[in-house]
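The file protein-v3.pdb contains PDB, C-alpha atoms, pLDDT in the B column:
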ATOM      1  CA  MET K   1      55.288 134.227  88.048  1.00 66.00           C
ATOM      2  CA  THR K   2      57.264 135.129  91.140  1.00 83.00           C
ATOM      3  CA  ALA K   3      55.855 136.452  94.392  1.00 86.00           C
ATOM      4  CA  ALA K   4      57.027 139.977  93.569  1.00 85.00           C
ATOM      5  CA  ASN K   5      55.188 139.931  90.246  1.00 88.00           C
ATOM      6  CA  LEU K   6      52.008 138.741  91.933  1.00 91.00           C
ATOM      7  CA  LEU K   7      52.367 141.571  94.436  1.00 93.00           C
ATOM      8  CA  PHE K   8      52.828 144.115  91.635  1.00 93.00           C
ATOM      9  CA  VAL K   9      49.773 142.794  89.794  1.00 93.00           C
ATOM     10  CA  ALA K  10      47.706 142.925  92.991  1.00 94.00           C
ATOM     11  CA  ILE K  11      48.799 146.485  93.786  1.00 95.00           C
ATOM     12  CA  GLY K  12      48.106 147.500  90.198  1.00 94.00           C
ATOM     13  CA  ALA K  13      44.632 145.952  90.259  1.00 95.00           C
ATOM     14  CA  VAL K  14      43.757 147.658  93.542  1.00 96.00           C
ATOM     15  CA  SER K  15      45.043 150.982  92.224  1.00 96.00           C
ATOM     16  CA  LEU K  16      42.990 150.528  89.069  1.00 95.00           C
ATOM     17  CA  VAL K  17      39.780 149.863  90.998  1.00 96.00           C
ATOM     18  CA  VAL K  18      40.393 152.765  93.404  1.00 97.00           C
ATOM     19  CA  GLY K  19      41.124 155.081  90.490  1.00 96.00           C
ATOM     20  CA  LEU K  20      37.948 154.094  88.683  1.00 96.00           C
ATOM     21  CA  GLY K  21      35.952 154.588  91.877  1.00 96.00           C
ATOM     22  CA  THR K  22      37.463 158.034  92.364  1.00 95.00           C
ATOM     23  CA  MET K  23      36.617 158.978  88.798  1.00 95.00           C
ATOM     24  CA  ALA K  24      33.026 157.768  89.242  1.00 95.00           C
ATOM     25  CA  ALA K  25      32.674 159.888  92.384  1.00 94.00           C
ATOM     26  CA  ALA K  26      34.178 162.868  90.558  1.00 93.00           C
ATOM     27  CA  PHE K  27      31.635 162.575  87.744  1.00 92.00           C
ATOM     28  CA  ARG K  28      28.861 162.876  90.315  1.00 91.00           C
ATOM     29  CA  LEU K  29      30.321 166.116  91.695  1.00 88.00           C
ATOM     30  CA  GLY K  30      30.618 167.690  88.268  1.00 83.00           C
ATOM     31  CA  ARG K  31      33.341 169.617  86.524  1.00 82.00           C
ATOM     32  CA  GLU K  32      32.359 172.979  87.969  1.00 87.00           C
ATOM     33  CA  SER K  33      33.513 171.994  91.445  1.00 88.00           C
ATOM     34  CA  PRO K  34      37.264 172.328  92.132  1.00 92.00           C
ATOM     35  CA  LYS K  35      37.059 169.204  94.303  1.00 93.00           C
ATOM     36  CA  GLY K  36      35.471 167.283  91.432  1.00 92.00           C
ATOM     37  CA  VAL K  37      38.221 168.358  89.048  1.00 93.00           C
ATOM     38  CA  ALA K  38      40.934 167.363  91.528  1.00 94.00           C
ATOM     39  CA  MET K  39      39.262 163.988  92.118  1.00 94.00           C
ATOM     40  CA  LEU K  40      38.973 163.427  88.367  1.00 94.00           C
ATOM     41  CA  ILE K  41      42.670 164.120  87.845  1.00 95.00           C
ATOM     42  CA  ALA K  42      43.652 161.923  90.787  1.00 96.00           C
ATOM     43  CA  GLY K  43      41.408 159.112  89.556  1.00 96.00           C
ATOM     44  CA  MET K  44      42.919 159.224  86.082  1.00 96.00           C
ATOM     45  CA  MET K  45      46.449 159.165  87.503  1.00 97.00           C
ATOM     46  CA  ALA K  46      45.668 156.236  89.831  1.00 96.00           C
ATOM     47  CA  THR K  47      43.994 154.310  87.004  1.00 96.00           C
ATOM     48  CA  ALA K  48      46.951 154.864  84.672  1.00 97.00           C
ATOM     49  CA  PHE K  49      49.384 153.836  87.432  1.00 97.00           C
ATOM     50  CA  GLY K  50      47.453 150.636  88.066  1.00 95.00           C
ATOM     51  CA  LEU K  51      47.300 149.726  84.389  1.00 96.00           C
ATOM     52  CA  LEU K  52      51.003 150.362  83.873  1.00 96.00           C
ATOM     53  CA  MET K  53      52.088 148.519  87.001  1.00 95.00           C
ATOM     54  CA  ALA K  54      49.985 145.433  86.351  1.00 93.00           C
ATOM     55  CA  GLY K  55      50.691 145.455  82.626  1.00 93.00           C
ATOM     56  CA  PHE K  56      54.450 145.635  82.954  1.00 92.00           C
ATOM     57  CA  ALA K  57      54.460 142.967  85.685  1.00 91.00           C
ATOM     58  CA  ILE K  58      52.480 140.613  83.456  1.00 90.00           C
ATOM     59  CA  ALA K  59      54.666 141.418  80.436  1.00 90.00           C
ATOM     60  CA  TYR K  60      57.822 140.787  82.476  1.00 89.00           C
ATOM     61  CA  ALA K  61      56.482 137.466  83.754  1.00 87.00           C
ATOM     62  CA  THR K  62      55.453 136.205  80.326  1.00 88.00           C
ATOM     63  CA  GLY K  63      58.461 137.526  78.397  1.00 85.00           C
ATOM     64  CA  GLU K  64      61.406 135.457  77.276  1.00 79.00           C
ATOM     65  CA  ASN K  65      64.282 135.246  79.732  1.00 73.00           C
ATOM     66  CA  PRO K  66      67.781 135.106  78.223  1.00 67.00           C
TER      67      PRO K  66
END
For this file, write the structure as structure tokens.
Amino acid sequence: MTAANLLFVAIGAVSLVVGLGTMAAAFRLGRESPKGVAMLIAGMMATAFGLLMAGFAIAYATGENP
């Protein structure tokens, strides 16, 4: 795994944790609050970004190179 892949995995993991934390805070505010809805959407987007970034970096590192 190259240094760039490790960086992508680290950024993806941090984004995943931040996204999950944002979603947890949004659940406390409730869905009736516009701020809670915005935080829920942002948390889901950050979580998905983190999963995709880390997942593709790991897949690229473990895939076969021609």
Checklist line | Nearest to Arg28 of chain K, chosen from K:Val14, K:Met45, K:Leu40, K:Met53, with all atoms listed in the file counted in the distances | finding: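 Of K:Val14, K:Met45, K:Leu40, K:Met53, the one nearest Arg28 of chain K, counting all atoms listed in the file, is K:Leu40.
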Worksheet item: Neighbours of Tyr60 of chain K within 12 Å (all atoms listed in the file; same-chain residues fewer than 5 positions away dropped), as a list in words?
Response: Met1, Thr2, Ala4, Asn5, Leu6, Phe8, Val9, Leu52, Met53, Ala54, Gly55 and Asn65 of chain K
Expressed in Å, the length from atom CA of Leu16 of chain K to atom CA of Phe56 of chain K is 13.9 Å
Judged by only C-alpha atoms, the minimum distance to Ile41 of chain K among K:Met23, K:Ile58, K:Ile11, K:Ala3 is found for K:Met23
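Nearest-residue note for Lys35 of chain K: choosing from K:Ser15, K:Phe49, K:Thr22, K:Glu64, the minimum distance belongs to K:Thr22, counting all atoms listed in the file.
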Query raised in the report: Pick the closest to Gly50 of chain K from K:Ala38, K:Val17, K:Leu29, K:Ala24: which is it, counting all atoms listed in the file?
Result: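 Ranking K:Ala38, K:Val17, K:Leu29, K:Ala24 by distance to Gly50 of chain K, first place goes to K:Val17.
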Notebook entry, point to check: Leaving out Gly43 of chain K and any residue of its chain fewer than 4 positions from it, which residues lie within 8 Å of it when counting all atoms listed in the file, given as a list of chain:residue names?
Noted result: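 Counting all atoms listed in the file, the residues come to K:Val18, K:Gly19, K:Leu20, K:Gly21, K:Thr22, K:Met23, K:Met39, K:Thr47.
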In Å, how far is it from atom CA of Ala61 of chain K to atom CA of Ala13 of chain K?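 Those two atoms sit 16.0 Å apart.
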Taking all atoms of segment 10-21 of chain K that the file lists, what box with edges along x, y and z, padded by 8 Å per side, do you get, with centre and edge lengths in Å to one decimal, as AutoDock Vina command-line options?
--center_x 42.4 --center_y 149.0 --center_z 91.2 --size_x 28.8 --size_y 28.2 --size_z 21.1
Atom CA of Ala26 of chain K sits from atom CA of Ala48 of chain K at a separation of 16.2 Å
* Asked: So which one's closest to Leu7 of chain K, K:Gly30, K:Gly36, K:Leu51, K:Ala57? Using all atoms listed in the file, please.
  ->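 Smallest separation from Leu7 of chain K among the options: K:Ala57.
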